[in-house]
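File shown: final35.tsv. Contents: TSV, C-alpha atoms and all ligand atoms.
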```
chain	number	residue	atom	x	y	z
A	21	MET	CA	-122.88	18.68	-72.54
A	22	HIS	CA	-119.42	18.05	-71.15
A	23	ARG	CA	-118.81	15.30	-73.66
A	24	ILE	CA	-119.59	17.53	-76.60
A	25	ALA	CA	-117.34	20.24	-75.21
A	26	ASN	CA	-114.55	17.72	-74.74
A	27	ARG	CA	-114.95	16.42	-78.26
A	28	SER	CA	-114.80	19.94	-79.62
A	29	VAL	CA	-111.66	20.58	-77.64
A	30	ILE	CA	-110.06	17.39	-78.95
A	31	LEU	CA	-111.08	18.26	-82.49
A	32	ALA	CA	-109.69	21.77	-82.13
A	33	LEU	CA	-106.43	20.43	-80.70
A	34	SER	CA	-106.14	17.88	-83.52
A	35	LEU	CA	-106.63	20.59	-86.10
A	36	LEU	CA	-104.04	22.75	-84.37
A	37	THR	CA	-101.57	19.85	-84.36
A	38	LEU	CA	-102.19	19.17	-88.03
A	39	THR	CA	-101.65	22.82	-88.85
A	40	ALA	CA	-98.44	22.86	-86.82
A	41	LEU	CA	-97.16	19.71	-88.56
A	42	GLN	CA	-98.03	21.19	-91.93
A	43	THR	CA	-96.11	24.36	-91.06
A	44	LEU	CA	-93.12	22.29	-89.97
A	45	ALA	CA	-93.22	20.32	-93.20
A	46	ASP	CA	-93.39	23.53	-95.23
A	47	ASP	CA	-90.48	24.97	-93.27
A	48	ALA	CA	-88.44	21.82	-93.88
A	49	GLY	CA	-89.18	22.15	-97.59
A	50	SER	CA	-88.09	25.75	-97.73
A	51	PHE	CA	-85.02	25.00	-95.61
A	52	ASP	CA	-83.95	22.46	-98.26
A	53	GLN	CA	-84.47	25.10	-100.93
A	54	ILE	CA	-82.41	27.59	-98.95
A	55	LYS	CA	-79.59	25.01	-98.63
A	56	VAL	CA	-79.62	24.33	-102.37
A	57	GLY	CA	-79.66	28.06	-103.11
A	58	ALA	CA	-76.76	28.75	-100.75
A	59	GLY	CA	-74.91	25.72	-102.14
A	60	LYS	CA	-75.34	26.97	-105.69
A	61	ALA	CA	-73.89	30.38	-104.75
A	62	LEU	CA	-70.96	28.69	-102.99
A	63	PHE	CA	-70.45	26.37	-105.95
A	64	GLU	CA	-70.36	29.39	-108.28
A	65	ALA	CA	-67.68	30.95	-106.08
A	66	GLU	CA	-65.53	27.87	-105.36
A	67	CYS	CA	-66.01	25.34	-108.15
A	68	ARG	CA	-67.70	26.84	-111.19
A	69	ARG	CA	-64.55	28.24	-112.82
A	70	CYS	CA	-63.39	24.67	-113.43
A	71	HIS	CA	-66.62	22.65	-113.43
A	72	ALA	CA	-69.65	22.61	-115.69
A	73	THR	CA	-73.06	21.47	-114.48
A	74	ASP	CA	-74.49	21.14	-117.97
A	75	ALA	CA	-73.15	18.79	-120.65
A	76	SER	CA	-73.54	21.47	-123.34
A	77	ASP	CA	-70.96	23.64	-121.57
A	78	PRO	CA	-67.73	21.60	-121.22
A	79	SER	CA	-65.13	22.88	-118.81
A	80	TYR	CA	-61.59	22.22	-117.58
A	81	GLY	CA	-62.82	19.81	-114.89
A	82	PRO	CA	-65.28	16.91	-115.34
A	83	LEU	CA	-69.03	17.56	-115.55
A	84	LEU	CA	-70.56	17.47	-112.06
A	85	GLU	CA	-74.20	17.06	-113.07
A	86	GLY	CA	-75.10	13.58	-111.77
A	87	VAL	CA	-71.89	13.22	-109.75
A	88	VAL	CA	-73.60	12.00	-106.54
A	89	GLY	CA	-73.69	8.20	-106.85
A	90	ARG	CA	-71.36	8.13	-109.86
A	91	GLU	CA	-68.15	6.10	-109.77
A	92	ALA	CA	-65.10	8.35	-109.42
A	93	GLY	CA	-63.15	9.05	-112.61
A	94	THR	CA	-65.75	7.67	-115.00
A	95	PHE	CA	-67.44	10.59	-116.77
A	96	ALA	CA	-67.12	9.45	-120.42
A	97	GLY	CA	-64.52	11.26	-122.50
A	98	TYR	CA	-62.94	13.26	-119.68
A	99	PRO	CA	-59.10	12.95	-119.42
A	100	TYR	CA	-58.79	12.08	-115.73
A	101	SER	CA	-55.51	11.69	-113.87
A	102	GLU	CA	-54.31	8.10	-113.45
A	103	ALA	CA	-54.97	8.53	-109.71
A	104	LEU	CA	-58.68	9.31	-110.07
A	105	LYS	CA	-59.15	6.70	-112.83
A	106	ALA	CA	-57.78	4.05	-110.47
A	107	ALA	CA	-59.62	5.36	-107.38
A	108	GLY	CA	-62.40	2.77	-107.59
A	109	PHE	CA	-65.03	4.29	-105.28
A	110	VAL	CA	-68.44	5.88	-105.68
A	111	TRP	CA	-69.09	9.57	-104.95
A	112	THR	CA	-71.14	9.23	-101.77
A	113	GLU	CA	-71.90	12.16	-99.44
A	114	GLY	CA	-68.96	11.17	-97.25
A	115	ALA	CA	-66.54	10.89	-100.18
A	116	LEU	CA	-67.62	14.28	-101.55
A	117	LYS	CA	-67.15	15.93	-98.15
A	118	ALA	CA	-63.68	14.40	-97.74
A	119	TRP	CA	-62.83	15.56	-101.28
A	120	MET	CA	-64.01	19.12	-100.62
A	121	GLU	CA	-62.03	19.20	-97.39
A	122	ASP	CA	-58.74	17.93	-98.82
A	123	ASN	CA	-59.02	16.52	-102.33
A	124	ASP	CA	-55.32	15.80	-102.87
A	125	GLY	CA	-55.05	14.20	-99.43
A	126	PHE	CA	-58.11	12.04	-100.20
A	127	VAL	CA	-56.86	10.97	-103.68
A	128	PRO	CA	-53.11	11.64	-103.83
A	129	GLY	CA	-52.03	12.38	-107.40
A	130	THR	CA	-55.29	13.99	-108.51
A	131	LYS	CA	-54.87	16.86	-110.92
A	132	MET	CA	-57.58	18.96	-109.25
A	133	ARG	CA	-55.77	21.78	-107.50
A	134	HIS	CA	-56.12	21.68	-103.70
A	135	VAL	CA	-59.49	22.94	-102.50
A	136	GLY	CA	-59.66	23.11	-98.71
A	137	ILE	CA	-63.28	23.60	-97.67
A	138	GLU	CA	-63.16	22.70	-93.98
A	139	ASP	CA	-66.41	24.31	-92.83
A	140	ALA	CA	-68.95	21.49	-92.44
A	141	THR	CA	-71.88	23.82	-93.18
A	142	VAL	CA	-70.32	25.00	-96.43
A	143	GLN	CA	-69.65	21.36	-97.37
A	144	ASP	CA	-73.31	20.54	-96.56
A	145	PHE	CA	-74.63	23.37	-98.71
A	146	ILE	CA	-72.44	22.52	-101.72
A	147	LEU	CA	-73.44	18.87	-101.30
A	148	ALA	CA	-77.15	19.83	-101.25
A	149	TYR	CA	-76.61	21.65	-104.53
A	150	LEU	CA	-74.70	18.71	-106.09
A	151	GLN	CA	-77.56	16.41	-105.01
A	152	SER	CA	-80.10	18.75	-106.59
A	153	ILE	CA	-78.32	18.38	-109.96
A	154	SER	CA	-77.82	14.64	-109.59
A	155	GLY	CA	-81.50	13.71	-109.90
S	1	LIG	C1	-58.85	24.85	-110.40
S	1	LIG	C2	-59.89	24.04	-111.01
S	1	LIG	C3	-60.85	23.28	-110.11
S	1	LIG	C4	-61.60	23.79	-109.06
S	1	LIG	C5	-61.61	25.21	-108.50
S	1	LIG	C6	-62.41	22.68	-108.59
S	1	LIG	N1	-62.17	21.56	-109.33
S	1	LIG	FE1	-63.00	19.74	-109.04
S	1	LIG	N2	-61.82	18.95	-110.51
S	1	LIG	C7	-60.90	19.66	-111.28
S	1	LIG	C8	-60.16	18.74	-112.12
S	1	LIG	C9	-59.07	19.13	-113.11
S	1	LIG	C10	-60.66	17.44	-111.83
S	1	LIG	C11	-60.19	16.12	-112.41
S	1	LIG	C12	-59.21	15.54	-111.37
S	1	LIG	C13	-58.42	14.33	-111.82
S	1	LIG	O1	-58.63	13.81	-112.94
S	1	LIG	O2	-57.57	13.91	-111.02
S	1	LIG	C14	-61.70	17.62	-110.84
S	1	LIG	C15	-62.47	16.58	-110.31
S	1	LIG	C16	-63.51	16.72	-109.43
S	1	LIG	C17	-64.40	15.67	-108.98
S	1	LIG	C18	-64.35	14.22	-109.43
S	1	LIG	C19	-65.44	14.00	-110.49
S	1	LIG	C20	-65.44	12.64	-111.13
S	1	LIG	O3	-66.06	12.54	-112.20
S	1	LIG	O4	-64.87	11.68	-110.58
S	1	LIG	C21	-65.29	16.23	-108.11
S	1	LIG	C22	-66.41	15.51	-107.37
S	1	LIG	C23	-64.96	17.63	-108.02
S	1	LIG	N3	-63.89	17.91	-108.81
S	1	LIG	C24	-65.66	18.52	-107.22
S	1	LIG	C25	-65.29	19.86	-107.06
S	1	LIG	C26	-65.97	20.77	-106.17
S	1	LIG	C27	-67.21	20.42	-105.34
S	1	LIG	C28	-65.32	21.96	-106.24
S	1	LIG	C29	-65.60	23.22	-105.46
S	1	LIG	C30	-65.62	23.08	-104.03
S	1	LIG	C31	-64.23	21.79	-107.19
S	1	LIG	N4	-64.24	20.51	-107.67
S	1	LIG	C32	-63.33	22.79	-107.55
S	1	LIG	C33	-60.70	21.02	-111.23
S	1	LIG	C34	-61.22	21.88	-110.27
```

Represent the supplied structure as C-alpha cells.
Ligand code: HEC
Amino acid sequence: MHRIANRSVILALSLLTLTALQTLADDAGSFDQIKVGAGKALFEAECRRCHATDASDPSYGPLLEGVVGREAGTFAGYPYSEALKAAGFVWTEGALKAWMEDNDGFVPGTKMRHVGIEDATVQDFILAYLQSISG
C-alpha cells in the first residue's frame, strides 16, 4: 500500500518537474523573441536610417543581413573606407558590441559616423536582432 502511494507521489513529482521544465523552456523561447523584437525596434531607431536589412533595398551603409560571422568590409559592391577594408577581422558578438559602443575608436578611419551605444542591454538586444537576420 505504502509502495504504491510512494510510486504515485514520485510519478506526480516527475510530472510536475517536467511541466516546470517545459514552462521554463517556453519562457526562454519567448524571452529570445522579446529580445529580438526589442532589438529590431532599437535598430529601427539607431541604425535603420543608414542600413538596409534586405538586399532589395540598398542604403547609405552596407547591408547588415548576414553580418554576424561575416568578415568586416567585405559585402560585395559596397564602397567601404580604406580603414574597414583593411580591418581584417570577423564580425563576432564581441566585435559588434565594441563597434556599437565606439565604432570610430574600434576602427579608426571608418566612415560610419560615431554611434555610442554604451548600454550593454541595448547592445545585447540589437545583437539579438542582427543574429536573427544572419541565419
Ligand atoms: C549615419 C549613418 C549610419 C548609422 C546611423 C549607422 N551606421 Fe553602421 N555604417 C555606416 C557606414 C557609412 C558604414 C561603412 C563604414 C566604412 O566603410 O568605414 C557602416 C558600417 C557598419 C558595419 C560594418 C559592416 C561590414 O560589412 O563590415 C556594421 C556592423 C554597422 N555599420 C553596424 C551599425 C549598427 C548596429 C548601427 C546602429 C547601432 C549603425 N551601424 C548605425 C553608416 C551608419

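Here atom CA of Gly155 of chain A and atom CA of Leu84 of chain A stand 11.8 Å from one another.
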
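When all atoms listed in the file are used to measure the gap to ligand LIG 1 (chain S), the shortest distance among A:Ile153, A:Ala140, A:Met132, A:Leu62 belongs to A:Met132.
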
With only C-alpha atoms and all ligand atoms counted and 7 Å as the cut-off, give the residues of chain A in contact with ligand LIG 1 (chain S), each with its shortest interatomic distance in Å and the pair that gives it, as a tab-separated table.
```
residue	atom	partner	partner_atom	distance
A:Phe63	CA	S:LIG1	C29	5.8
A:Glu66	CA	S:LIG1	C29	4.7
A:Cys67	CA	S:LIG1	C29	3.4
A:Arg68	CA	S:LIG1	C5	6.9
A:Arg69	CA	S:LIG1	C5	6.0
A:Cys70	CA	S:LIG1	C2	4.3
A:His71	CA	S:LIG1	N1	6.1
A:Tyr80	CA	S:LIG1	C9	6.0
A:Gly81	CA	S:LIG1	C8	4.0
A:Pro82	CA	S:LIG1	O3	5.4
A:Leu83	CA	S:LIG1	O3	6.7
A:Leu84	CA	S:LIG1	C19	6.4
A:Val87	CA	S:LIG1	O3	6.4
A:Glu91	CA	S:LIG1	O4	6.5
A:Ala92	CA	S:LIG1	O4	3.5
A:Gly93	CA	S:LIG1	O4	3.7
A:Thr94	CA	S:LIG1	O3	5.6
A:Phe95	CA	S:LIG1	O3	5.2
A:Pro99	CA	S:LIG1	O1	6.6
A:Tyr100	CA	S:LIG1	O1	3.3
A:Ser101	CA	S:LIG1	O1	3.9
A:Ala103	CA	S:LIG1	O2	6.1
A:Leu104	CA	S:LIG1	O2	4.8
A:Trp111	CA	S:LIG1	C22	7.0
A:Leu116	CA	S:LIG1	C22	6.1
A:Met120	CA	S:LIG1	C30	5.5
A:Gly129	CA	S:LIG1	O2	6.8
A:Thr130	CA	S:LIG1	O2	3.4
A:Lys131	CA	S:LIG1	O2	4.0
A:Met132	CA	S:LIG1	C8	3.9
A:Arg133	CA	S:LIG1	C1	5.2
A:Val135	CA	S:LIG1	C30	6.3
A:Ile137	CA	S:LIG1	C30	6.8
A:Ile146	CA	S:LIG1	C27	6.7
```

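The space between atom CA of Phe126 of chain A and atom CA of Ala106 of chain A spans 13.0 Å.
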
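For the residues A:Ile54, A:Ala75, A:Val88, A:Ala65, ranking by smallest atom-to-atom distance to Leu150 of chain A using all atoms listed in the file places A:Val88 first.
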
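One distance worth recording is that between atom CA of Asn123 of chain A and atom CA of Gly136 of chain A, which is 7.5 Å.
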
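Minimum atom-to-atom distances from A:Thr37, A:Thr73, A:Thr141, A:Thr112 to Gly86 of chain A were compared using only C-alpha atoms, and the lowest value belongs to A:Thr73.
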
Which residue of A:Ala115, A:Val56, A:Ala148, A:Arg90 approaches Val127 of chain A most closely, using all atoms listed in the file: A:Ala115

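Closest approach to Asp122 of chain A among A:Glu138, A:Gly89, A:Phe51, A:Ala107: A:Glu138, based on only C-alpha atoms.
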